[in-house]
Structure formats: structure tokens, C-alpha cells
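K.L.:
Below you'll find data.txt; it's compact mmCIF, N, CA and C atoms.
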```txt
# COMPACT_ATOMS: atom_id res chain seq x y z
N MET A 217 -30.46 -6.24 -7.04
CA MET A 217 -30.56 -5.89 -5.65
C MET A 217 -30.88 -4.42 -5.50
N LYS A 218 -31.72 -4.13 -4.58
CA LYS A 218 -32.12 -2.77 -4.32
C LYS A 218 -31.14 -2.14 -3.33
N ILE A 219 -30.69 -0.93 -3.63
CA ILE A 219 -29.74 -0.25 -2.76
C ILE A 219 -30.50 0.69 -1.84
N LYS A 220 -30.25 0.60 -0.57
CA LYS A 220 -30.82 1.54 0.37
C LYS A 220 -29.74 2.55 0.74
N TYR A 221 -30.09 3.82 0.66
CA TYR A 221 -29.13 4.87 0.96
C TYR A 221 -29.27 5.26 2.43
N ILE A 222 -28.19 5.16 3.15
CA ILE A 222 -28.19 5.52 4.57
C ILE A 222 -27.03 6.48 4.77
N GLN A 223 -27.04 7.29 5.77
CA GLN A 223 -26.05 8.32 6.05
C GLN A 223 -24.74 8.16 5.31
N GLY A 224 -24.40 9.16 4.56
CA GLY A 224 -23.12 9.15 3.85
C GLY A 224 -23.11 8.18 2.69
N ARG A 225 -22.07 7.33 2.63
CA ARG A 225 -21.91 6.39 1.52
C ARG A 225 -22.07 4.97 2.01
N LYS A 226 -23.20 4.61 2.53
CA LYS A 226 -23.40 3.24 3.00
C LYS A 226 -24.59 2.65 2.27
N TRP A 227 -24.39 1.49 1.69
CA TRP A 227 -25.44 0.78 0.99
C TRP A 227 -25.70 -0.52 1.72
N LYS A 228 -26.96 -0.86 1.88
CA LYS A 228 -27.29 -2.09 2.58
C LYS A 228 -27.49 -3.27 1.66
N MET A 229 -28.03 -3.05 0.47
CA MET A 229 -28.30 -4.11 -0.51
C MET A 229 -29.19 -5.21 0.06
N ASN A 230 -30.06 -4.87 1.00
CA ASN A 230 -30.98 -5.82 1.61
C ASN A 230 -30.28 -7.04 2.21
N LEU A 231 -29.11 -6.84 2.78
CA LEU A 231 -28.35 -7.92 3.41
C LEU A 231 -27.95 -7.51 4.82
N ARG A 232 -27.77 -8.51 5.68
CA ARG A 232 -27.24 -8.22 7.01
C ARG A 232 -25.76 -7.86 6.86
N SER A 233 -25.19 -7.27 7.91
CA SER A 233 -23.82 -6.78 7.81
C SER A 233 -22.82 -7.91 7.56
N ASP A 234 -23.01 -9.08 8.19
CA ASP A 234 -22.07 -10.17 7.96
C ASP A 234 -22.22 -10.74 6.56
N GLU A 235 -23.44 -10.78 6.05
CA GLU A 235 -23.66 -11.25 4.67
C GLU A 235 -23.02 -10.30 3.66
N ARG A 236 -23.16 -8.98 3.91
CA ARG A 236 -22.52 -7.99 3.03
C ARG A 236 -21.02 -8.16 3.03
N TRP A 237 -20.43 -8.34 4.22
CA TRP A 237 -18.98 -8.47 4.32
C TRP A 237 -18.50 -9.69 3.55
N HIS A 238 -19.18 -10.83 3.68
CA HIS A 238 -18.77 -12.03 2.97
C HIS A 238 -18.94 -11.88 1.46
N LEU A 239 -20.01 -11.21 1.03
CA LEU A 239 -20.21 -10.96 -0.39
C LEU A 239 -19.09 -10.10 -0.95
N ILE A 240 -18.77 -8.99 -0.28
CA ILE A 240 -17.72 -8.09 -0.76
C ILE A 240 -16.37 -8.79 -0.72
N ARG A 241 -16.10 -9.54 0.32
CA ARG A 241 -14.82 -10.25 0.44
C ARG A 241 -14.65 -11.25 -0.70
N ASN A 242 -15.69 -11.99 -1.04
CA ASN A 242 -15.60 -12.95 -2.14
C ASN A 242 -15.45 -12.25 -3.49
N LEU A 243 -16.15 -11.13 -3.68
CA LEU A 243 -16.00 -10.38 -4.93
C LEU A 243 -14.59 -9.81 -5.08
N VAL A 244 -14.04 -9.29 -3.99
CA VAL A 244 -12.68 -8.74 -4.03
C VAL A 244 -11.67 -9.84 -4.34
N THR A 245 -11.84 -11.01 -3.73
CA THR A 245 -10.94 -12.14 -4.00
C THR A 245 -11.00 -12.54 -5.47
N GLN A 246 -12.20 -12.60 -6.03
CA GLN A 246 -12.35 -12.95 -7.44
C GLN A 246 -11.74 -11.87 -8.35
N LEU A 247 -11.90 -10.60 -7.96
CA LEU A 247 -11.33 -9.52 -8.76
C LEU A 247 -9.80 -9.60 -8.77
N VAL A 248 -9.20 -9.87 -7.63
CA VAL A 248 -7.74 -9.99 -7.56
C VAL A 248 -7.28 -11.20 -8.38
N THR A 249 -8.02 -12.29 -8.32
CA THR A 249 -7.62 -13.51 -9.04
C THR A 249 -7.75 -13.33 -10.54
N HIS A 250 -8.87 -12.77 -11.01
CA HIS A 250 -9.14 -12.69 -12.45
C HIS A 250 -8.87 -11.32 -13.05
N GLU A 251 -8.71 -10.30 -12.22
CA GLU A 251 -8.44 -8.92 -12.60
C GLU A 251 -9.58 -8.23 -13.33
N ARG A 252 -10.65 -8.96 -13.63
CA ARG A 252 -11.82 -8.36 -14.25
C ARG A 252 -13.00 -9.28 -13.99
N ILE A 253 -14.08 -8.73 -13.42
CA ILE A 253 -15.27 -9.53 -13.18
C ILE A 253 -16.50 -8.77 -13.65
N LYS A 254 -17.53 -9.51 -13.96
CA LYS A 254 -18.81 -8.94 -14.38
C LYS A 254 -19.81 -9.14 -13.25
N THR A 255 -20.39 -8.05 -12.77
CA THR A 255 -21.32 -8.11 -11.66
C THR A 255 -22.33 -6.98 -11.80
N THR A 256 -23.29 -6.92 -10.90
CA THR A 256 -24.25 -5.83 -10.96
C THR A 256 -23.56 -4.52 -10.57
N SER A 257 -24.10 -3.44 -11.06
CA SER A 257 -23.48 -2.13 -10.80
C SER A 257 -23.50 -1.79 -9.32
N ALA A 258 -24.54 -2.22 -8.61
CA ALA A 258 -24.62 -1.94 -7.17
C ALA A 258 -23.49 -2.63 -6.42
N LYS A 259 -23.23 -3.89 -6.75
CA LYS A 259 -22.14 -4.61 -6.09
C LYS A 259 -20.80 -4.01 -6.46
N ALA A 260 -20.61 -3.63 -7.73
CA ALA A 260 -19.35 -3.03 -8.16
C ALA A 260 -19.10 -1.71 -7.44
N LYS A 261 -20.16 -0.91 -7.30
CA LYS A 261 -20.03 0.37 -6.62
C LYS A 261 -19.71 0.17 -5.14
N HIS A 262 -20.28 -0.87 -4.56
CA HIS A 262 -20.08 -1.13 -3.14
C HIS A 262 -18.69 -1.69 -2.84
N MET A 263 -18.10 -2.44 -3.78
CA MET A 263 -16.81 -3.07 -3.49
C MET A 263 -15.62 -2.20 -3.88
N THR A 264 -15.82 -1.14 -4.64
CA THR A 264 -14.71 -0.30 -5.09
C THR A 264 -13.89 0.29 -3.93
N PRO A 265 -14.49 0.87 -2.89
CA PRO A 265 -13.67 1.40 -1.79
C PRO A 265 -12.85 0.33 -1.08
N THR A 266 -13.40 -0.89 -0.99
CA THR A 266 -12.67 -1.97 -0.35
C THR A 266 -11.43 -2.35 -1.15
N VAL A 267 -11.57 -2.40 -2.48
CA VAL A 267 -10.42 -2.74 -3.33
C VAL A 267 -9.36 -1.65 -3.26
N GLU A 268 -9.79 -0.40 -3.31
CA GLU A 268 -8.83 0.71 -3.26
C GLU A 268 -8.06 0.69 -1.93
N ARG A 269 -8.78 0.45 -0.83
CA ARG A 269 -8.13 0.40 0.48
C ARG A 269 -7.16 -0.77 0.57
N LEU A 270 -7.55 -1.90 -0.01
CA LEU A 270 -6.70 -3.09 0.02
C LEU A 270 -5.40 -2.85 -0.75
N ILE A 271 -5.49 -2.20 -1.90
CA ILE A 271 -4.29 -1.92 -2.69
C ILE A 271 -3.39 -0.93 -1.95
N ALA A 272 -3.99 0.07 -1.30
CA ALA A 272 -3.19 1.03 -0.53
C ALA A 272 -2.46 0.32 0.62
N LEU A 273 -3.15 -0.60 1.30
CA LEU A 273 -2.49 -1.36 2.37
C LEU A 273 -1.38 -2.23 1.82
N GLY A 274 -1.62 -2.84 0.67
CA GLY A 274 -0.59 -3.69 0.05
C GLY A 274 0.66 -2.91 -0.30
N LYS A 275 0.49 -1.68 -0.77
CA LYS A 275 1.65 -0.84 -1.08
C LYS A 275 2.44 -0.52 0.18
N LYS A 276 1.73 -0.28 1.29
CA LYS A 276 2.43 0.01 2.54
C LYS A 276 3.19 -1.21 3.04
N VAL A 277 2.61 -2.39 2.87
CA VAL A 277 3.28 -3.62 3.32
C VAL A 277 4.54 -3.87 2.50
N VAL A 278 4.43 -3.75 1.18
CA VAL A 278 5.54 -4.12 0.29
C VAL A 278 6.62 -3.04 0.25
N PHE A 279 6.22 -1.77 0.09
CA PHE A 279 7.22 -0.73 -0.15
C PHE A 279 7.63 0.05 1.09
N GLU A 280 6.78 0.13 2.10
CA GLU A 280 7.12 0.88 3.30
C GLU A 280 7.45 -0.02 4.48
N ASN A 281 7.49 -1.32 4.25
CA ASN A 281 7.88 -2.31 5.25
C ASN A 281 7.04 -2.18 6.53
N LYS A 282 5.73 -2.35 6.36
CA LYS A 282 4.81 -2.33 7.51
C LYS A 282 4.09 -3.67 7.58
N PRO A 283 4.75 -4.70 8.10
CA PRO A 283 4.17 -6.05 8.07
C PRO A 283 2.98 -6.25 8.99
N HIS A 284 2.71 -5.32 9.91
CA HIS A 284 1.57 -5.49 10.80
C HIS A 284 0.24 -5.33 10.06
N LEU A 285 0.26 -4.82 8.81
CA LEU A 285 -0.96 -4.66 8.02
C LEU A 285 -1.32 -5.91 7.22
N VAL A 286 -0.46 -6.91 7.23
CA VAL A 286 -0.69 -8.14 6.47
C VAL A 286 -1.97 -8.83 6.94
N LYS A 287 -2.24 -8.76 8.23
CA LYS A 287 -3.42 -9.41 8.79
C LYS A 287 -4.71 -8.87 8.18
N ASP A 288 -4.77 -7.56 7.95
CA ASP A 288 -5.96 -6.97 7.33
C ASP A 288 -6.14 -7.45 5.90
N ILE A 289 -5.05 -7.58 5.17
CA ILE A 289 -5.13 -8.04 3.79
C ILE A 289 -5.53 -9.51 3.74
N ASN A 290 -4.93 -10.32 4.60
CA ASN A 290 -5.25 -11.74 4.61
C ASN A 290 -6.68 -12.01 5.06
N ARG A 291 -7.24 -11.12 5.85
CA ARG A 291 -8.62 -11.25 6.28
C ARG A 291 -9.57 -11.03 5.10
N THR A 292 -9.17 -10.18 4.16
CA THR A 292 -10.03 -9.87 3.03
C THR A 292 -9.87 -10.87 1.89
N LEU A 293 -8.63 -11.21 1.56
CA LEU A 293 -8.39 -12.17 0.47
C LEU A 293 -8.49 -13.59 1.02
N THR A 294 -9.41 -14.37 0.51
CA THR A 294 -9.72 -15.65 1.14
C THR A 294 -8.87 -16.81 0.64
N THR A 295 -8.28 -16.73 -0.54
CA THR A 295 -7.51 -17.87 -1.05
C THR A 295 -6.03 -17.55 -1.11
N GLU A 296 -5.23 -18.58 -0.98
CA GLU A 296 -3.77 -18.42 -1.05
C GLU A 296 -3.33 -17.96 -2.44
N GLN A 297 -4.03 -18.44 -3.47
CA GLN A 297 -3.72 -18.04 -4.84
C GLN A 297 -3.92 -16.53 -5.02
N ALA A 298 -4.98 -15.99 -4.46
CA ALA A 298 -5.25 -14.55 -4.57
C ALA A 298 -4.20 -13.74 -3.82
N ARG A 299 -3.81 -14.22 -2.63
CA ARG A 299 -2.79 -13.51 -1.85
C ARG A 299 -1.46 -13.48 -2.59
N LYS A 300 -1.08 -14.61 -3.15
CA LYS A 300 0.19 -14.70 -3.87
C LYS A 300 0.20 -13.76 -5.08
N LYS A 301 -0.89 -13.77 -5.84
CA LYS A 301 -0.96 -12.90 -7.01
C LYS A 301 -0.98 -11.43 -6.59
N PHE A 302 -1.66 -11.13 -5.50
CA PHE A 302 -1.75 -9.76 -5.00
C PHE A 302 -0.37 -9.20 -4.68
N TYR A 303 0.42 -9.95 -3.90
CA TYR A 303 1.74 -9.46 -3.47
C TYR A 303 2.78 -9.51 -4.59
N GLU A 304 2.75 -10.54 -5.43
CA GLU A 304 3.82 -10.73 -6.42
C GLU A 304 3.56 -10.05 -7.75
N GLU A 305 2.29 -9.85 -8.14
CA GLU A 305 2.00 -9.27 -9.45
C GLU A 305 1.34 -7.89 -9.37
N LEU A 306 0.25 -7.80 -8.62
CA LEU A 306 -0.54 -6.57 -8.65
C LEU A 306 0.15 -5.39 -7.99
N ILE A 307 0.66 -5.58 -6.79
CA ILE A 307 1.26 -4.46 -6.07
C ILE A 307 2.49 -3.89 -6.79
N PRO A 308 3.45 -4.71 -7.27
CA PRO A 308 4.56 -4.13 -8.02
C PRO A 308 4.10 -3.42 -9.30
N ARG A 309 3.05 -3.94 -9.94
CA ARG A 309 2.56 -3.32 -11.18
C ARG A 309 1.90 -1.98 -10.90
N LEU A 310 1.23 -1.85 -9.77
CA LEU A 310 0.51 -0.62 -9.45
C LEU A 310 1.32 0.32 -8.56
N LYS A 311 2.62 0.13 -8.50
CA LYS A 311 3.48 0.91 -7.60
C LYS A 311 3.35 2.41 -7.87
N GLU A 312 3.37 2.81 -9.13
CA GLU A 312 3.38 4.23 -9.46
C GLU A 312 2.00 4.82 -9.66
N VAL A 313 0.96 4.01 -9.62
CA VAL A 313 -0.40 4.51 -9.80
C VAL A 313 -0.90 5.06 -8.47
N GLN A 314 -1.29 6.33 -8.47
CA GLN A 314 -1.76 6.97 -7.24
C GLN A 314 -3.28 7.10 -7.30
N GLY A 315 -3.99 6.26 -6.59
CA GLY A 315 -5.44 6.33 -6.53
C GLY A 315 -6.10 5.84 -7.81
N GLN A 316 -7.39 5.57 -7.72
CA GLN A 316 -8.18 5.12 -8.87
C GLN A 316 -7.56 3.91 -9.56
N GLN A 317 -7.33 2.86 -8.79
CA GLN A 317 -6.73 1.66 -9.37
C GLN A 317 -7.76 0.75 -10.03
N THR A 318 -9.04 1.05 -9.86
CA THR A 318 -10.08 0.23 -10.47
C THR A 318 -10.86 1.05 -11.48
N ARG A 319 -11.48 0.34 -12.40
CA ARG A 319 -12.29 0.98 -13.43
C ARG A 319 -13.61 0.22 -13.53
N ARG A 320 -14.71 0.96 -13.59
CA ARG A 320 -16.02 0.34 -13.80
C ARG A 320 -16.50 0.70 -15.19
N VAL A 321 -16.91 -0.31 -15.95
CA VAL A 321 -17.45 -0.12 -17.29
C VAL A 321 -18.89 -0.60 -17.26
N TYR A 322 -19.81 0.32 -17.50
CA TYR A 322 -21.23 -0.02 -17.43
C TYR A 322 -21.68 -0.68 -18.73
N LEU A 323 -22.45 -1.75 -18.60
CA LEU A 323 -22.97 -2.51 -19.73
C LEU A 323 -24.49 -2.33 -19.81
N LYS A 324 -25.10 -3.04 -20.75
CA LYS A 324 -26.56 -3.01 -20.84
C LYS A 324 -27.16 -3.74 -19.66
N ASN A 325 -28.43 -3.48 -19.42
CA ASN A 325 -29.12 -4.15 -18.33
C ASN A 325 -29.28 -5.64 -18.61
N ARG A 326 -29.29 -6.42 -17.56
CA ARG A 326 -29.38 -7.86 -17.67
C ARG A 326 -30.81 -8.27 -18.06
N LYS A 327 -30.89 -9.28 -18.93
CA LYS A 327 -32.21 -9.81 -19.27
C LYS A 327 -32.76 -10.55 -18.08
N GLY A 328 -34.07 -10.56 -17.95
CA GLY A 328 -34.69 -11.27 -16.86
C GLY A 328 -35.15 -10.31 -15.78
N ASP A 329 -34.21 -9.72 -15.04
CA ASP A 329 -34.61 -8.80 -13.97
C ASP A 329 -34.27 -7.35 -14.27
N ASN A 330 -33.69 -7.08 -15.45
CA ASN A 330 -33.38 -5.73 -15.91
C ASN A 330 -32.43 -5.00 -14.95
N ALA A 331 -31.53 -5.73 -14.29
CA ALA A 331 -30.58 -5.13 -13.36
C ALA A 331 -29.41 -4.52 -14.14
N PRO A 332 -28.95 -3.33 -13.75
CA PRO A 332 -27.78 -2.76 -14.41
C PRO A 332 -26.53 -3.58 -14.11
N VAL A 333 -25.77 -3.88 -15.15
CA VAL A 333 -24.59 -4.75 -15.03
C VAL A 333 -23.36 -3.96 -15.45
N SER A 334 -22.22 -4.26 -14.83
CA SER A 334 -20.99 -3.58 -15.21
C SER A 334 -19.80 -4.51 -14.99
N TYR A 335 -18.72 -4.20 -15.69
CA TYR A 335 -17.43 -4.83 -15.43
C TYR A 335 -16.71 -3.98 -14.42
N ILE A 336 -15.99 -4.61 -13.53
CA ILE A 336 -15.05 -3.88 -12.68
C ILE A 336 -13.70 -4.55 -12.90
N GLU A 337 -12.68 -3.73 -13.14
CA GLU A 337 -11.37 -4.28 -13.45
C GLU A 337 -10.29 -3.47 -12.77
N ILE A 338 -9.16 -4.11 -12.58
CA ILE A 338 -7.99 -3.44 -12.03
C ILE A 338 -7.21 -2.86 -13.19
N LYS A 339 -6.87 -1.58 -13.10
CA LYS A 339 -6.17 -0.93 -14.20
C LYS A 339 -4.79 -1.53 -14.41
N GLN A 340 -4.36 -1.50 -15.64
CA GLN A 340 -3.03 -1.98 -16.00
C GLN A 340 -2.07 -0.79 -15.96
N LYS A 341 -0.81 -1.08 -15.74
CA LYS A 341 0.21 -0.05 -15.82
C LYS A 341 0.60 0.08 -17.28
N TYR A 342 0.31 1.23 -17.87
CA TYR A 342 0.59 1.43 -19.27
C TYR A 342 2.00 1.98 -19.45
N THR A 343 2.75 1.38 -20.37
CA THR A 343 4.08 1.87 -20.68
C THR A 343 4.09 2.24 -22.15
N TYR A 344 4.46 3.47 -22.44
CA TYR A 344 4.52 3.95 -23.80
C TYR A 344 5.97 4.04 -24.23
N GLN A 345 6.26 3.56 -25.41
CA GLN A 345 7.65 3.58 -25.90
C GLN A 345 7.79 4.43 -27.13
```
Could you render the structure from this file as C-alpha cells?
P.N.:
Amino acid sequence: MKIKYIQGRKWKMNLRSDERWHLIRNLVTQLVTHERIKTTSAKAKHMTPTVERLIALGKKVVFENKPHLVKDINRTLTTEQARKKFYEELIPRLKEVQGQQTRRVYLKNRKGDNAPVSYIEIKQKYTYQ
């Protein structure tokens, strides 16, 4: 997909706004479910701010007792399995991580259309003993 650069940090990816939102929402749901997905670098770059914002909202809901933000999270995560994993596993694990909860690992270009491909993953909480 070709990225169009428009004021600030907005990418169009040759999609209408509702198509972009559904694409990002589905990618975020898959990332929460599997914790690591392989996608094009453009899509990974575009979904990173959404994932970071979602994790920040989840921390506010769980640790600061702000239940009015649940609606925003449920709007983004489309499956019940993803919501359950998000609240019960990911948020407690990322409690002490401040910012940069995702990592992008760039891979070789894809055969066929030569598109840059990367992994995007949610960082693990490392404990050293």
C-alpha cells in the first residue's frame, strides 16, 4: 500500500476513513489476541499509536478506576476473547511499563509486490533474578 503524507502524522493508505478505521481495529484486535502479528510496515506504523492509546486507557480503567473509558476500549477490540485477554493478562503485565509498549521488527521485503514487511509485537515484562 502506498502511504500518502498529509499534515502532521496522518497516513491515508489509499483507503476511505471508515475503511482505515476498520482495518486498524481488526489489526489491533489480532495483535491483542496473538501478541505478535506480521503485516506491512505501513500498516504497523499506522496502528502503533492506536495500540499505545488503547493500553494507556486500559491502565486507567483497571488501576485508576475510571470505568467510563471502557466504551472506547470495547469499540476498538471487536471480540470478547480479545477484551478478556486485554483486561486479565496484558494490562496487569504492562502495569509498570511507561510508554513504548509495542515493538516493530523490520523484515525483508515481501516477494511478489516487494512491500516492506515487519512484525509488530507487544513487549513482555522482563523479570531478572
K.L.:
Using all atoms listed in the file, find each residue in stretch 245-264 of chain A having at least one atom no more than 6 Å away from stretch 281-301 of chain A; report its shortest atom-to-atom pair and that distance in Å (one decimal), rows by chain then rising number, as a tab-separated table.
P.N.:
```
residue	atom	partner	partner_atom	distance
A:Thr245	CA	A:Leu293	CA	5.1
A:Val248	C	A:Ala298	CA	5.5
A:Thr249	CA	A:Ala298	CA	5.2
```
K.L.:
With distances taken over only C-alpha atoms, which of A:Gln246, A:Ser233, A:Gln340, A:Ser334 is nearest to A:Val321?
P.N.:
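Going through A:Gln246, A:Ser233, A:Gln340, A:Ser334 one by one, the smallest distance to A:Val321 is for A:Ser334.
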K.L.:
To one decimal place, how far is atom CA of A:Ala260 from atom CA of A:Gly315 in Å?
P.N.:
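Between atom CA of A:Ala260 and atom CA of A:Gly315 the gap is 16.8 Å.
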K.L.:
For a quick check of your reading of the model, name the residues lying within 7 Å of the coordinate (-10.0, -2.5, -12.5), counting only N, CA and C atoms, and write them as an NGL selection string.
P.N.:
:A and (251-252 or 317-320 or 336-340)
K.L.:
Would you output that residue set with N, CA and C atoms, as a compact mmCIF listing (two decimals), in the coordinates of the input?
P.N.:
```txt
# COMPACT_ATOMS: atom_id res chain seq x y z
N GLU A 251 -8.71 -10.30 -12.22
CA GLU A 251 -8.44 -8.92 -12.60
C GLU A 251 -9.58 -8.23 -13.33
N ARG A 252 -10.65 -8.96 -13.63
CA ARG A 252 -11.82 -8.36 -14.25
C ARG A 252 -13.00 -9.28 -13.99
N GLN A 317 -7.33 2.86 -8.79
CA GLN A 317 -6.73 1.66 -9.37
C GLN A 317 -7.76 0.75 -10.03
N THR A 318 -9.04 1.05 -9.86
CA THR A 318 -10.08 0.23 -10.47
C THR A 318 -10.86 1.05 -11.48
N ARG A 319 -11.48 0.34 -12.40
CA ARG A 319 -12.29 0.98 -13.43
C ARG A 319 -13.61 0.22 -13.53
N ARG A 320 -14.71 0.96 -13.59
CA ARG A 320 -16.02 0.34 -13.80
C ARG A 320 -16.50 0.70 -15.19
N ILE A 336 -15.99 -4.61 -13.53
CA ILE A 336 -15.05 -3.88 -12.68
C ILE A 336 -13.70 -4.55 -12.90
N GLU A 337 -12.68 -3.73 -13.14
CA GLU A 337 -11.37 -4.28 -13.45
C GLU A 337 -10.29 -3.47 -12.77
N ILE A 338 -9.16 -4.11 -12.58
CA ILE A 338 -7.99 -3.44 -12.03
C ILE A 338 -7.21 -2.86 -13.19
N LYS A 339 -6.87 -1.58 -13.10
CA LYS A 339 -6.17 -0.93 -14.20
C LYS A 339 -4.79 -1.53 -14.41
N GLN A 340 -4.36 -1.50 -15.64
CA GLN A 340 -3.03 -1.98 -16.00
C GLN A 340 -2.07 -0.79 -15.96
```
K.L.:
What gap, in Å, lies between atom CA of A:Lys254 and atom CA of A:Glu305?
P.N.:
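Straight-line distance from atom CA of A:Lys254 to atom CA of A:Glu305 works out to 21.4 Å.
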K.L.:
What does the distance from atom C of A:Arg309 to atom C of A:Lys275 come to in Å, to one decimal?
P.N.:
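Separating atom C of A:Arg309 from atom C of A:Lys275 is a distance of 11.2 Å.
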K.L.:
Enumerate, as a PyMOL selection string, the complete set of residues in chain A that a backbone-based DSSP assignment places in alpha helix (DSSP H).
P.N.:
chain A and resi 233-250+257-279+286-292+296-301+307-309
K.L.:
May I ask which of the residues A:Thr255, A:Leu270, A:Arg241, A:Lys311 is the closest one to A:Ala331, counting only N, CA and C atoms?
P.N.:
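For A:Ala331, the nearest of the candidates is A:Thr255.
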K.L.:
Hey, which of A:Lys228, A:Lys259, A:His250, A:Lys276 ends up closest to A:Ile307? Count only C-alpha atoms.
P.N.:
A:Lys276
K.L.:
I'd like to know which of A:Phe302, A:Trp237, A:Val277, A:Ser257 is closest to A:Lys324, using only C-alpha atoms.
P.N.:
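That would be A:Ser257, the residue with the smallest distance to A:Lys324.
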K.L.:
Among the residues of chain A, find those DSSP assigns to strand (DSSP E) from the backbone and print them as a list in words.
P.N.:
Tyr221, Ile222, Lys226, Trp227, Arg252, Ile253, Lys254, Thr255, Thr256, Thr318, Arg319, Arg320, Val321, Tyr322, Val333, Ser334, Tyr335, Ile336, Glu337 and Ile338 of chain A
K.L.:
For the residues in that selection, give me N, CA and C atoms as a PDB file, in the coordinates of the input.
P.N.:
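Final output, part.pdb:
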```pdb
ATOM      1  N   TYR A 221     -30.090   3.820   0.660  1.00  0.00           N
ATOM      2  CA  TYR A 221     -29.130   4.870   0.960  1.00  0.00           C
ATOM      3  C   TYR A 221     -29.270   5.260   2.430  1.00  0.00           C
ATOM      4  N   ILE A 222     -28.190   5.160   3.150  1.00  0.00           N
ATOM      5  CA  ILE A 222     -28.190   5.520   4.570  1.00  0.00           C
ATOM      6  C   ILE A 222     -27.030   6.480   4.770  1.00  0.00           C
ATOM      7  N   LYS A 226     -23.200   4.610   2.530  1.00  0.00           N
ATOM      8  CA  LYS A 226     -23.400   3.240   3.000  1.00  0.00           C
ATOM      9  C   LYS A 226     -24.590   2.650   2.270  1.00  0.00           C
ATOM     10  N   TRP A 227     -24.390   1.490   1.690  1.00  0.00           N
ATOM     11  CA  TRP A 227     -25.440   0.780   0.990  1.00  0.00           C
ATOM     12  C   TRP A 227     -25.700  -0.520   1.720  1.00  0.00           C
ATOM     13  N   ARG A 252     -10.650  -8.960 -13.630  1.00  0.00           N
ATOM     14  CA  ARG A 252     -11.820  -8.360 -14.250  1.00  0.00           C
ATOM     15  C   ARG A 252     -13.000  -9.280 -13.990  1.00  0.00           C
ATOM     16  N   ILE A 253     -14.080  -8.730 -13.420  1.00  0.00           N
ATOM     17  CA  ILE A 253     -15.270  -9.530 -13.180  1.00  0.00           C
ATOM     18  C   ILE A 253     -16.500  -8.770 -13.650  1.00  0.00           C
ATOM     19  N   LYS A 254     -17.530  -9.510 -13.960  1.00  0.00           N
ATOM     20  CA  LYS A 254     -18.810  -8.940 -14.380  1.00  0.00           C
ATOM     21  C   LYS A 254     -19.810  -9.140 -13.250  1.00  0.00           C
ATOM     22  N   THR A 255     -20.390  -8.050 -12.770  1.00  0.00           N
ATOM     23  CA  THR A 255     -21.320  -8.110 -11.660  1.00  0.00           C
ATOM     24  C   THR A 255     -22.330  -6.980 -11.800  1.00  0.00           C
ATOM     25  N   THR A 256     -23.290  -6.920 -10.900  1.00  0.00           N
ATOM     26  CA  THR A 256     -24.250  -5.830 -10.960  1.00  0.00           C
ATOM     27  C   THR A 256     -23.560  -4.520 -10.570  1.00  0.00           C
ATOM     28  N   THR A 318      -9.040   1.050  -9.860  1.00  0.00           N
ATOM     29  CA  THR A 318     -10.080   0.230 -10.470  1.00  0.00           C
ATOM     30  C   THR A 318     -10.860   1.050 -11.480  1.00  0.00           C
ATOM     31  N   ARG A 319     -11.480   0.340 -12.400  1.00  0.00           N
ATOM     32  CA  ARG A 319     -12.290   0.980 -13.430  1.00  0.00           C
ATOM     33  C   ARG A 319     -13.610   0.220 -13.530  1.00  0.00           C
ATOM     34  N   ARG A 320     -14.710   0.960 -13.590  1.00  0.00           N
ATOM     35  CA  ARG A 320     -16.020   0.340 -13.800  1.00  0.00           C
ATOM     36  C   ARG A 320     -16.500   0.700 -15.190  1.00  0.00           C
ATOM     37  N   VAL A 321     -16.910  -0.310 -15.950  1.00  0.00           N
ATOM     38  CA  VAL A 321     -17.450  -0.120 -17.290  1.00  0.00           C
ATOM     39  C   VAL A 321     -18.890  -0.600 -17.260  1.00  0.00           C
ATOM     40  N   TYR A 322     -19.810   0.320 -17.500  1.00  0.00           N
ATOM     41  CA  TYR A 322     -21.230  -0.020 -17.430  1.00  0.00           C
ATOM     42  C   TYR A 322     -21.680  -0.680 -18.730  1.00  0.00           C
ATOM     43  N   VAL A 333     -25.770  -3.880 -15.150  1.00  0.00           N
ATOM     44  CA  VAL A 333     -24.590  -4.750 -15.030  1.00  0.00           C
ATOM     45  C   VAL A 333     -23.360  -3.960 -15.450  1.00  0.00           C
ATOM     46  N   SER A 334     -22.220  -4.260 -14.830  1.00  0.00           N
ATOM     47  CA  SER A 334     -20.990  -3.580 -15.210  1.00  0.00           C
ATOM     48  C   SER A 334     -19.800  -4.510 -14.990  1.00  0.00           C
ATOM     49  N   TYR A 335     -18.720  -4.200 -15.690  1.00  0.00           N
ATOM     50  CA  TYR A 335     -17.430  -4.830 -15.430  1.00  0.00           C
ATOM     51  C   TYR A 335     -16.710  -3.980 -14.420  1.00  0.00           C
ATOM     52  N   ILE A 336     -15.990  -4.610 -13.530  1.00  0.00           N
ATOM     53  CA  ILE A 336     -15.050  -3.880 -12.680  1.00  0.00           C
ATOM     54  C   ILE A 336     -13.700  -4.550 -12.900  1.00  0.00           C
ATOM     55  N   GLU A 337     -12.680  -3.730 -13.140  1.00  0.00           N
ATOM     56  CA  GLU A 337     -11.370  -4.280 -13.450  1.00  0.00           C
ATOM     57  C   GLU A 337     -10.290  -3.470 -12.770  1.00  0.00           C
ATOM     58  N   ILE A 338      -9.160  -4.110 -12.580  1.00  0.00           N
ATOM     59  CA  ILE A 338      -7.990  -3.440 -12.030  1.00  0.00           C
ATOM     60  C   ILE A 338      -7.210  -2.860 -13.190  1.00  0.00           C
TER      61      ILE A 338
END
```
K.L.:
Neighbours of A:Pro332 within 8 Å (all atoms listed in the file; same-chain residues fewer than 4 positions away dropped), as a list in words?
P.N.:
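Listing them by chain and then by number gives Met217, Thr255, Thr256, Ser257, Ala258, Tyr322, Leu323, Lys324, Asn325 and Arg326 of chain A.
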